[in-house]
Structure formats: structure tokens, C-alpha cells
>>> print(open('coords.cif').read())   # mmCIF, C-alpha atoms
data_protein
loop_
_atom_site.group_PDB
_atom_site.id
_atom_site.type_symbol
_atom_site.label_atom_id
_atom_site.label_comp_id
_atom_site.auth_asym_id
_atom_site.auth_seq_id
_atom_site.Cartn_x
_atom_site.Cartn_y
_atom_site.Cartn_z
ATOM 1 C CA MET M 1 20.541 -0.588 127.739
ATOM 2 C CA ALA M 2 17.699 -2.946 127.000
ATOM 3 C CA GLN M 3 17.926 -5.012 123.790
ATOM 4 C CA VAL M 4 14.547 -5.191 122.095
ATOM 5 C CA CYS M 5 13.808 -8.011 119.674
ATOM 6 C CA VAL M 6 12.089 -6.897 116.500
ATOM 7 C CA SER M 7 11.000 -8.419 113.206
ATOM 8 C CA GLN M 8 13.307 -8.086 110.190
ATOM 9 C CA ASN M 9 10.486 -6.051 108.661
ATOM 10 C CA LEU M 10 11.133 -3.416 111.319
ATOM 11 C CA ASP M 11 14.090 -1.259 112.250
ATOM 12 C CA ILE M 12 15.367 0.537 115.347
ATOM 13 C CA THR M 13 17.555 3.534 114.643
ATOM 14 C CA SER M 14 18.643 5.886 117.440
ATOM 15 C CA GLY M 15 15.989 4.385 119.659
ATOM 16 C CA GLU M 16 13.187 4.979 117.171
ATOM 17 C CA LEU M 17 11.108 2.154 115.747
ATOM 18 C CA GLY M 18 10.631 2.217 111.974
ATOM 19 C CA ILE M 19 9.792 -0.048 109.074
ATOM 20 C CA GLN M 20 12.029 -1.481 106.397
ATOM 21 C CA PRO M 21 11.357 -0.655 102.705
ATOM 22 C CA TRP M 22 10.551 -4.311 101.968
ATOM 23 C CA SER M 23 7.844 -4.460 104.651
ATOM 24 C CA VAL M 24 5.283 -2.833 102.329
ATOM 25 C CA PRO M 25 4.154 -3.672 98.761
ATOM 26 C CA ARG M 26 6.418 -2.049 96.184
ATOM 27 C CA HIS M 27 6.887 -1.981 92.423
ATOM 28 C CA VAL M 28 10.129 -3.748 91.546
ATOM 29 C CA TYR M 29 9.734 -4.105 87.761
ATOM 30 C CA ASP M 30 7.814 -2.138 85.116
ATOM 31 C CA GLN M 31 8.518 -2.402 81.398
ATOM 32 C CA SER M 32 6.653 -2.345 78.080
ATOM 33 C CA PHE M 33 7.319 -4.489 75.018
ATOM 34 C CA THR M 34 6.252 -3.491 71.513
ATOM 35 C CA SER M 35 5.172 -5.654 68.607
ATOM 36 C CA THR M 36 7.649 -6.158 65.793
ATOM 37 C CA GLY M 37 5.100 -7.879 63.560
ATOM 38 C CA ASN M 38 2.395 -5.246 63.082
ATOM 39 C CA GLY M 39 0.976 -4.617 59.609
ATOM 40 C CA THR M 40 -0.036 -6.997 56.879
ATOM 41 C CA TYR M 41 0.197 -10.749 57.235
ATOM 42 C CA GLY M 42 -0.158 -13.753 54.984
ATOM 43 C CA ALA M 43 -0.771 -17.421 55.608
ATOM 44 C CA GLN M 44 0.560 -18.510 59.019
ATOM 45 C CA THR M 45 -1.034 -21.939 59.164
ATOM 46 C CA SER M 46 1.821 -23.663 61.047
ATOM 47 C CA LEU M 47 1.812 -23.155 64.818
ATOM 48 C CA PRO M 48 3.030 -21.186 66.668
ATOM 49 C CA GLY M 49 2.809 -18.760 63.731
ATOM 50 C CA LYS M 50 4.261 -15.277 63.316
ATOM 51 C CA LEU M 51 6.119 -13.810 66.302
ATOM 52 C CA MET M 52 4.582 -10.491 67.336
ATOM 53 C CA ILE M 53 6.041 -9.705 70.786
ATOM 54 C CA ASP M 54 8.991 -11.304 72.543
ATOM 55 C CA SER M 55 10.128 -9.961 75.914
ATOM 56 C CA GLY M 56 13.150 -12.218 76.128
ATOM 57 C CA VAL M 57 14.141 -13.461 79.580
ATOM 58 C CA GLN M 58 13.576 -10.728 82.174
ATOM 59 C CA ALA M 59 14.740 -10.946 85.783
ATOM 60 C CA TRP M 60 14.292 -9.478 89.252
ATOM 61 C CA THR M 61 16.526 -10.406 92.191
ATOM 62 C CA ASN M 62 15.329 -10.246 95.766
ATOM 63 C CA THR M 63 18.078 -8.261 97.490
ATOM 64 C CA THR M 64 16.255 -8.089 100.830
ATOM 65 C CA PRO M 65 16.727 -10.429 103.828
ATOM 66 C CA MET M 66 13.088 -11.579 103.612
ATOM 67 C CA PRO M 67 11.243 -13.812 101.132
ATOM 68 C CA ALA M 68 8.878 -11.945 98.825
ATOM 69 C CA GLN M 69 5.593 -12.845 97.178
ATOM 70 C CA LEU M 70 5.330 -11.460 93.633
ATOM 71 C CA LEU M 71 2.226 -10.185 91.902
ATOM 72 C CA PHE M 72 2.733 -10.558 88.142
ATOM 73 C CA ARG M 73 0.592 -7.958 86.376
ATOM 74 C CA LEU M 74 0.179 -8.248 82.606
ATOM 75 C CA HIS M 75 -1.329 -5.261 80.771
ATOM 76 C CA ARG M 76 -2.351 -6.297 77.266
ATOM 77 C CA GLY M 77 -2.753 -3.375 74.890
ATOM 78 C CA SER M 78 -5.627 -3.128 72.416
ATOM 79 C CA ARG M 79 -5.492 -5.146 69.218
ATOM 80 C CA ARG M 80 -6.856 -4.545 65.721
ATOM 81 C CA TYR M 81 -7.692 -7.309 63.272
ATOM 82 C CA VAL M 82 -8.577 -7.119 59.577
ATOM 83 C CA VAL M 83 -9.324 -10.431 57.871
ATOM 84 C CA SER M 84 -10.983 -11.311 54.573
ATOM 85 C CA THR M 85 -13.570 -14.052 54.186
ATOM 86 C CA PRO M 86 -13.151 -17.044 54.413
ATOM 87 C CA ASN M 87 -9.911 -16.714 56.415
ATOM 88 C CA VAL M 88 -9.441 -16.560 60.192
ATOM 89 C CA VAL M 89 -6.772 -14.893 62.345
ATOM 90 C CA GLN M 90 -5.882 -15.415 65.997
ATOM 91 C CA VAL M 91 -3.296 -13.835 68.306
ATOM 92 C CA ARG M 92 -2.195 -16.006 71.225
ATOM 93 C CA ASP M 93 0.115 -15.147 74.098
ATOM 94 C CA ARG M 94 1.880 -16.977 76.886
ATOM 95 C CA PHE M 95 4.406 -16.304 79.620
ATOM 96 C CA THR M 96 6.616 -18.744 81.493
ATOM 97 C CA THR M 97 8.293 -18.186 84.871
ATOM 98 C CA ALA M 98 10.999 -19.698 87.039
ATOM 99 C CA ILE M 99 12.663 -19.002 90.387
ATOM 100 C CA GLY M 100 16.400 -19.622 90.414
ATOM 101 C CA GLU M 101 16.340 -21.052 86.886
ATOM 102 C CA ILE M 102 15.783 -19.976 83.286
ATOM 103 C CA PRO M 103 12.118 -20.263 82.210
ATOM 104 C CA ARG M 104 11.175 -22.293 79.179
ATOM 105 C CA VAL M 105 10.676 -20.414 75.924
ATOM 106 C CA PRO M 106 6.917 -19.768 75.674
ATOM 107 C CA ASP M 107 5.309 -21.877 72.949
ATOM 108 C CA THR M 108 1.697 -20.987 72.146
ATOM 109 C CA SER M 109 1.133 -24.068 69.987
ATOM 110 C CA ASN M 110 -0.692 -26.046 72.679
ATOM 111 C CA GLN M 111 -0.907 -23.865 75.796
ATOM 112 C CA TYR M 112 -1.570 -20.158 76.058
ATOM 113 C CA GLN M 113 -2.979 -17.677 78.559
ATOM 114 C CA GLY M 114 -4.771 -15.311 76.193
ATOM 115 C CA ALA M 115 -6.229 -15.352 72.690
ATOM 116 C CA GLY M 116 -8.209 -13.047 70.426
ATOM 117 C CA GLY M 117 -9.093 -12.581 66.799
ATOM 118 C CA GLY M 118 -11.826 -13.680 64.437
ATOM 119 C CA GLY M 119 -12.970 -14.462 60.934
ATOM 120 C CA PHE M 120 -15.999 -15.537 58.932
ATOM 121 C CA ASP M 121 -17.002 -17.410 55.790
ATOM 122 C CA MET M 122 -19.595 -15.964 53.411
ATOM 123 C CA SER M 123 -19.447 -18.986 51.082
ATOM 124 C CA THR M 124 -18.456 -18.803 47.416
ATOM 125 C CA THR M 125 -19.758 -17.809 44.016
ATOM 126 C CA THR M 126 -20.861 -20.380 41.445
ATOM 127 C CA SER M 127 -17.280 -20.280 40.164
ATOM 128 C CA ALA M 128 -15.997 -21.293 43.633
ATOM 129 C CA ARG M 129 -14.504 -17.871 44.374
ATOM 130 C CA PRO M 130 -15.044 -16.462 47.900
ATOM 131 C CA LEU M 131 -17.722 -13.797 48.089
ATOM 132 C CA ALA M 132 -16.582 -10.288 49.012
ATOM 133 C CA GLY M 133 -16.368 -9.609 52.729
ATOM 134 C CA VAL M 134 -13.919 -8.127 55.244
ATOM 135 C CA LEU M 135 -14.079 -8.379 59.045
ATOM 136 C CA ARG M 136 -12.686 -5.516 61.095
ATOM 137 C CA ALA M 137 -12.485 -6.212 64.833
ATOM 138 C CA TRP M 138 -10.846 -4.778 67.941
ATOM 139 C CA ASP M 139 -9.901 -6.156 71.357
ATOM 140 C CA ASP M 140 -9.933 -3.732 74.273
ATOM 141 C CA ALA M 141 -6.935 -3.417 76.569
ATOM 142 C CA MET M 142 -7.079 -5.676 79.618
ATOM 143 C CA ILE M 143 -5.135 -6.721 82.719
ATOM 144 C CA THR M 144 -4.522 -10.176 84.163
ATOM 145 C CA GLU M 145 -2.694 -10.982 87.395
ATOM 146 C CA ASP M 146 -0.943 -14.047 88.825
ATOM 147 C CA TRP M 147 0.883 -14.730 92.082
ATOM 148 C CA PHE M 148 4.361 -16.292 92.264
ATOM 149 C CA GLY M 149 6.727 -17.071 95.093
ATOM 150 C CA PRO M 150 7.912 -16.909 97.660
ATOM 151 C CA VAL M 151 11.204 -15.682 96.176
ATOM 152 C CA PRO M 152 13.911 -16.379 98.792
ATOM 153 C CA PRO M 153 16.474 -13.728 99.741
ATOM 154 C CA GLY M 154 19.196 -13.461 97.103
ATOM 155 C CA GLU M 155 17.195 -15.530 94.606
ATOM 156 C CA THR M 156 16.087 -14.395 91.149
ATOM 157 C CA PHE M 157 12.632 -14.534 89.565
ATOM 158 C CA ARG M 158 12.605 -14.678 85.770
ATOM 159 C CA PHE M 159 9.851 -14.572 83.158
ATOM 160 C CA HIS M 160 9.557 -14.771 79.377
ATOM 161 C CA TYR M 161 6.527 -13.472 77.417
ATOM 162 C CA ARG M 162 5.571 -14.061 73.787
ATOM 163 C CA ALA M 163 2.623 -13.211 71.559
ATOM 164 C CA THR M 164 2.159 -14.907 68.186
ATOM 165 C CA LEU M 165 -0.238 -14.637 65.250
ATOM 166 C CA TRP M 166 -1.524 -17.630 63.332
ATOM 167 C CA THR M 167 -4.183 -18.316 60.725
ATOM 168 C CA PRO M 168 -6.043 -21.594 61.299
ATOM 169 C CA PRO M 169 -6.110 -23.590 58.048
ATOM 170 C CA PRO M 170 -7.306 -23.705 55.393
ATOM 171 C CA TRP M 171 -6.040 -20.427 53.946
ATOM 172 C CA SER M 172 -7.573 -18.818 50.854
ATOM 173 C CA ASN M 173 -5.260 -16.752 48.655
ATOM 174 C CA ASN M 174 -8.205 -15.309 46.699
ATOM 175 C CA ALA M 175 -10.180 -14.156 49.735
ATOM 176 C CA ASN M 176 -12.636 -11.237 49.545
ATOM 177 C CA ASP M 177 -13.531 -11.969 45.919
ATOM 178 C CA ASN M 178 -9.833 -12.030 44.983
ATOM 179 C CA LEU M 179 -9.075 -8.729 46.784
ATOM 180 C CA PRO M 180 -7.571 -10.025 50.055
ATOM 181 C CA ILE M 181 -6.959 -7.618 52.950
ATOM 182 C CA HIS M 182 -5.196 -8.948 56.033
ATOM 183 C CA GLU M 183 -3.793 -6.648 58.739
ATOM 184 C CA CYS M 184 -3.101 -6.909 62.464
ATOM 185 C CA ASP M 185 -1.798 -4.349 64.968
ATOM 186 C CA VAL M 186 -0.946 -5.358 68.536
ATOM 187 C CA ASP M 187 -0.362 -2.509 70.981
ATOM 188 C CA PRO M 188 2.521 -2.818 73.483
ATOM 189 C CA VAL M 189 2.319 -5.161 76.440
ATOM 190 C CA ARG M 190 3.267 -3.768 79.847
ATOM 191 C CA ILE M 191 4.490 -6.103 82.588
ATOM 192 C CA GLN M 192 4.782 -5.119 86.231
ATOM 193 C CA LEU M 193 6.118 -7.023 89.222
ATOM 194 C CA ILE M 194 4.899 -5.960 92.654
ATOM 195 C CA ALA M 195 6.741 -7.445 95.643
ATOM 196 C CA PHE M 196 4.690 -8.093 98.776
ATOM 197 C CA PRO M 197 6.166 -8.653 102.238
ATOM 198 C CA THR M 198 6.109 -11.950 104.080
ATOM 199 C CA GLN M 199 5.881 -12.612 107.795
ATOM 200 C CA ASP M 200 9.171 -12.866 109.645
ATOM 201 C CA MET M 201 9.323 -16.127 111.585
ATOM 202 C CA ASP M 202 12.521 -15.072 113.362
ATOM 203 C CA VAL M 203 13.372 -12.104 115.564
ATOM 204 C CA MET M 204 16.415 -9.871 115.518
ATOM 205 C CA GLY M 205 18.095 -8.534 118.651
#
>>> encode(input="coords.cif", output="C-alpha cells")
Amino acid sequence: MAQVCVSQNLDITSGELGIQPWSVPRHVYDQSFTSTGNGTYGAQTSLPGKLMIDSGVQAWTNTTPMPAQLLFRLHRGSRRYVVSTPNVVQVRDRFTTAIGEIPRVPDTSNQYQGAGGGGFDMSTTTSARPLAGVLRAWDDAMITEDWFGPVPPGETFRFHYRATLWTPPPWSNNANDNLPIHECDVDPVRIQLIAFPTQDMDVMG
């Protein structure tokens, strides 16, 4: 009987040619992470600020015989900000990745992949008290994508995501004419990993 050489992305069973599960794009990870810091906030003038979302170290192992390219898809939920003049609020986020190692803990102090928020200053009264004013703002949900890999067979891809809230100094305790209102709600973040096939440079008999 003839022996036909085929790619590792293909399969011959009972004389029939087929494809392996890893030869097509497939979802290999899908999880959401909620904020533990929603609600009111006070002065967070020291970076990185208040921790809102922390995924911890998450992992996916390539159990196939072929390297895989990974599409990292980050779904940021909507965000609501309430801040009193003259204060400012900002939510930053960052993820770190590693193949075969543990990723660094994300620190949004100097580097971050996303940011949103706002604030304004309506000046003060003659007695140096901030004038009354409250900003209410929303960020729409959004998606960003990044490519990582290749992830060799048997190797593990890991990531760690964090979102933090901080209030750029200076901070006024008597904001909004001494009636301060400060609230922030961050909807869950959803992270997906989609594994894409790679070309087989060898052949199997």
C-alpha cells in the first residue's frame, strides 16, 4: 500500500484525507474579570493608584504538535466617571505576556495600553473655595487586539492584566463647593485567546 506524506495539519484515517483540529483558527481561552474597586473613591495621587481589576496570571498550553500564533483580544467594558471640580480621575490598564515564563506584574505607573477619565477646574470663589461643578462622563466599550507567538508545542503562554484608578495631584478635599462627589464604575473586561495555525515545514509518512 502506498505511503502518502502529508502535513501535520492534515490526517489520513481509513484512507480518507482530513484536517486536524489545530489546522484552523480556534478559541482556546475566554474569560471575564470584574472590578473590585467600583463605587466611591478618594485621593489616589500616588501611582499606580487604586486597583480596579486584576486577572492574576492566566495560562494556555499548546498541546498540539504544531506551533501556534495567538491573537490576544481584549474587550474593555464601558466605564462611568463622576468627578468634582477641580479634581481629575483617570483609569489606566496594562497587560504583560510571556511564553514559557511568568509575566511581570503589570505596573501602570509609567507604561499602559489604555487610559480614560477626565476632570475640569471652574476656579474658586473669593474665599478660595472651589466653585460648584460635577463632571459625569462615560467611555464606550471597545476592543483591542495584539499578536503573540509562535507558541511552540508543549509550551505555555501566560498573561497578566490590571486596571488601576488614580487622581493626578493636586487633590481638593472641598471640591464642588465643599460637596465632593467622586464615583467610578468599570464594567468587566473580557479576554480571549484565538490560536491560529502555522505552516508545517516537515511532512509525516
>>> atom_distance(input="coords.cif", atom1="atom CA of M:Leu70", atom2="atom CA of M:Ala163")
22.3 Å
>>> residues_around(input="coords.cif", residues="M:Val24", least_positions_apart="2", cutoff="10 Å", atoms="only C-alpha atoms", output="ChimeraX atom specification")
/M:9,19-22,26,195-198
>>> resolve_selection(input="coords.cif", expression="the PyMOL selection byres ((chain M and resi 151) around 9)", output="compact mmCIF listing (two decimals) with C-alpha atoms, in the coordinates of the input")
# COMPACT_ATOMS: atom_id res chain seq x y z
CA THR M 61 16.53 -10.41 92.19
CA ASN M 62 15.33 -10.25 95.77
CA MET M 66 13.09 -11.58 103.61
CA PRO M 67 11.24 -13.81 101.13
CA ALA M 68 8.88 -11.94 98.82
CA GLN M 69 5.59 -12.84 97.18
CA LEU M 70 5.33 -11.46 93.63
CA ILE M 99 12.66 -19.00 90.39
CA GLY M 100 16.40 -19.62 90.41
CA PHE M 148 4.36 -16.29 92.26
CA GLY M 149 6.73 -17.07 95.09
CA PRO M 150 7.91 -16.91 97.66
CA PRO M 152 13.91 -16.38 98.79
CA PRO M 153 16.47 -13.73 99.74
CA GLY M 154 19.20 -13.46 97.10
CA GLU M 155 17.20 -15.53 94.61
CA THR M 156 16.09 -14.40 91.15
CA PHE M 157 12.63 -14.53 89.56
>>> resolve_selection(input="coords.cif", expression="the PyMOL selection byres ((chain M and resi 129) around 10)", output="PyMOL selection string")
chain M and resi 123-128+130-132+172+174-178
>>> axis_aligned_box(input="coords.cif", around="stretch 25-39 of chain M", padding_each_side="3 Å", output="AutoDock Vina command-line options")
--center_x 5.6 --center_y -4.9 --center_z 79.2 --size_x 15.2 --size_y 11.9 --size_z 45.2
>>> closest_residue(input="coords.cif", among="M:Gln199, M:Thr13, M:Gln192, M:Thr108", to="M:Trp60", atoms="all atoms listed in the file")
M:Gln192
>>> closest_residue(input="coords.cif", among="M:Ser14, M:Thr97, M:Asn87, M:Ser32", to="M:Pro169", atoms="all atoms listed in the file")
M:Asn87
>>> atom_distance(input="coords.cif", atom1="atom CA of M:Val105", atom2="atom CA of M:Ser78")
24.0 Å
>>> atom_distance(input="coords.cif", atom1="atom CA of M:Val83", atom2="atom CA of M:Arg136")
6.8 Å
>>> closest_residue(input="coords.cif", among="M:Gly42, M:Gly18, M:Pro170, M:Pro25", to="M:Leu193", atoms="all atoms listed in the file")
M:Pro25
>>> closest_residue(input="coords.cif", among="M:Asp185, M:Phe33, M:Ala137, M:Val88", to="M:Thr45", atoms="all atoms listed in the file")
M:Val88
>>> closest_residue(input="coords.cif", among="M:Val189, M:Leu165, M:His75, M:Asp54", to="M:Ile143", atoms="only C-alpha atoms")
M:His75
>>> closest_residue(input="coords.cif", among="M:Thr85, M:Gln31, M:Thr144, M:Gln44", to="M:Trp166", atoms="all atoms listed in the file")
M:Gln44
>>> residues_around(input="coords.cif", residues="M:Gly39", least_positions_apart="6", cutoff="10 Å", atoms="all atoms listed in the file", output="compact mmCIF listing (two decimals) with C-alpha atoms, keeping the file's coordinate frame")
# COMPACT_ATOMS: atom_id res chain seq x y z
CA ARG M 80 -6.86 -4.54 65.72
CA TYR M 81 -7.69 -7.31 63.27
CA VAL M 82 -8.58 -7.12 59.58
CA HIS M 182 -5.20 -8.95 56.03
CA GLU M 183 -3.79 -6.65 58.74
CA CYS M 184 -3.10 -6.91 62.46
CA ASP M 185 -1.80 -4.35 64.97
CA VAL M 186 -0.95 -5.36 68.54
>>> residues_around(input="coords.cif", residues="M:Gly117", least_positions_apart="4", cutoff="7 Å", atoms="all atoms listed in the file", output="JSON, numbers by chain")
{"M": [81, 89, 90, 91]}
>>> residues_around(input="coords.cif", residues="M:Met52", least_positions_apart="4", cutoff="6 Å", atoms="only C-alpha atoms", output="compact mmCIF listing (two decimals) with C-alpha atoms, keeping the file's coordinate frame")
# COMPACT_ATOMS: atom_id res chain seq x y z
CA SER M 35 5.17 -5.65 68.61
CA THR M 36 7.65 -6.16 65.79
CA GLY M 37 5.10 -7.88 63.56
CA ALA M 163 2.62 -13.21 71.56
CA THR M 164 2.16 -14.91 68.19
>>> residues_around(input="coords.cif", residues="M:Arg162", least_positions_apart="6", cutoff="6 Å", atoms="all atoms listed in the file", output="list of chain:residue names")
M:Ile53, M:Asp54, M:Asp93, M:Arg94
>>> residues_near_point(input="coords.cif", point="(5.2, -19.1, 68.2)", cutoff="7 Å", atoms="only C-alpha atoms", output="number ranges by chain")
M: 47-51, 107-109, 164
>>> build_atoms(input="coords.cif", residues="stretch 76-87 of chain M", atoms="all heavy atoms", output="short mmCIF file (atom, residue, chain, number, x, y, z; two decimals), in the frame of the given file")
data_model
loop_
_atom_site.label_atom_id
_atom_site.label_comp_id
_atom_site.auth_asym_id
_atom_site.auth_seq_id
_atom_site.Cartn_x
_atom_site.Cartn_y
_atom_site.Cartn_z
N ARG M 76 -2.31 -6.10 78.71
CA ARG M 76 -2.35 -6.30 77.27
C ARG M 76 -2.94 -5.05 76.61
O ARG M 76 -4.02 -4.59 76.99
CB ARG M 76 -3.21 -7.50 76.90
CG ARG M 76 -2.65 -8.84 77.34
CD ARG M 76 -3.56 -9.97 76.91
NE ARG M 76 -3.05 -11.29 77.29
CZ ARG M 76 -3.33 -11.90 78.44
NH1 ARG M 76 -4.12 -11.29 79.32
NH2 ARG M 76 -2.83 -13.09 78.70
N GLY M 77 -2.23 -4.52 75.63
CA GLY M 77 -2.75 -3.38 74.89
C GLY M 77 -3.87 -3.80 73.95
O GLY M 77 -4.12 -4.99 73.76
N SER M 78 -4.55 -2.82 73.37
CA SER M 78 -5.63 -3.13 72.42
C SER M 78 -5.05 -3.77 71.16
O SER M 78 -3.86 -3.62 70.85
CB SER M 78 -6.40 -1.86 72.07
OG SER M 78 -5.54 -0.90 71.46
N ARG M 79 -5.92 -4.46 70.43
CA ARG M 79 -5.49 -5.15 69.22
C ARG M 79 -6.51 -4.91 68.11
O ARG M 79 -7.71 -4.88 68.36
CB ARG M 79 -5.34 -6.65 69.49
CG ARG M 79 -4.29 -6.97 70.54
CD ARG M 79 -4.30 -8.43 70.95
NE ARG M 79 -3.27 -8.71 71.96
CZ ARG M 79 -3.10 -9.89 72.54
NH1 ARG M 79 -3.89 -10.90 72.20
NH2 ARG M 79 -2.16 -10.06 73.43
N ARG M 80 -5.99 -4.77 66.89
CA ARG M 80 -6.86 -4.54 65.72
C ARG M 80 -6.63 -5.67 64.72
O ARG M 80 -5.50 -6.03 64.42
CB ARG M 80 -6.51 -3.20 65.07
CG ARG M 80 -7.36 -2.86 63.84
CD ARG M 80 -6.93 -1.52 63.25
NE ARG M 80 -5.64 -1.63 62.58
CZ ARG M 80 -5.48 -1.85 61.27
NH1 ARG M 80 -6.55 -2.01 60.48
NH2 ARG M 80 -4.28 -1.91 60.74
N TYR M 81 -7.75 -6.21 64.24
CA TYR M 81 -7.69 -7.31 63.27
C TYR M 81 -8.47 -6.94 62.01
O TYR M 81 -9.59 -6.43 62.09
CB TYR M 81 -8.31 -8.59 63.85
CG TYR M 81 -7.84 -8.97 65.22
CD1 TYR M 81 -8.55 -8.57 66.36
CD2 TYR M 81 -6.70 -9.74 65.41
CE1 TYR M 81 -8.13 -8.93 67.63
CE2 TYR M 81 -6.28 -10.11 66.68
CZ TYR M 81 -7.00 -9.69 67.79
OH TYR M 81 -6.60 -10.05 69.04
N VAL M 82 -7.89 -7.21 60.86
CA VAL M 82 -8.58 -7.12 59.58
C VAL M 82 -8.35 -8.45 58.86
O VAL M 82 -7.20 -8.84 58.65
CB VAL M 82 -8.06 -5.95 58.71
CG1 VAL M 82 -8.81 -5.90 57.38
CG2 VAL M 82 -8.19 -4.62 59.45
N VAL M 83 -9.44 -9.12 58.51
CA VAL M 83 -9.32 -10.43 57.87
C VAL M 83 -10.42 -10.58 56.82
O VAL M 83 -11.55 -10.15 57.03
CB VAL M 83 -9.41 -11.57 58.92
CG1 VAL M 83 -10.70 -11.51 59.71
CG2 VAL M 83 -9.22 -12.93 58.29
N SER M 84 -10.05 -11.15 55.69
CA SER M 84 -10.98 -11.31 54.57
C SER M 84 -11.59 -12.71 54.58
O SER M 84 -10.91 -13.70 54.86
CB SER M 84 -10.26 -11.08 53.24
OG SER M 84 -9.80 -9.74 53.15
N THR M 85 -12.89 -12.77 54.28
CA THR M 85 -13.57 -14.05 54.19
C THR M 85 -12.94 -14.90 53.09
O THR M 85 -12.59 -14.37 52.02
CB THR M 85 -15.07 -13.86 53.90
OG1 THR M 85 -15.68 -15.14 53.73
CG2 THR M 85 -15.32 -13.05 52.64
N PRO M 86 -12.72 -16.19 53.30
CA PRO M 86 -13.15 -17.04 54.41
C PRO M 86 -12.04 -17.31 55.45
O PRO M 86 -12.10 -18.31 56.15
CB PRO M 86 -13.52 -18.33 53.68
CG PRO M 86 -12.46 -18.43 52.62
CD PRO M 86 -12.20 -17.00 52.18
N ASN M 87 -11.06 -16.45 55.54
CA ASN M 87 -9.91 -16.71 56.42
C ASN M 87 -10.19 -16.33 57.87
O ASN M 87 -11.15 -15.60 58.16
CB ASN M 87 -8.67 -15.98 55.90
CG ASN M 87 -8.21 -16.52 54.56
OD1 ASN M 87 -8.37 -17.71 54.27
ND2 ASN M 87 -7.65 -15.66 53.72
#
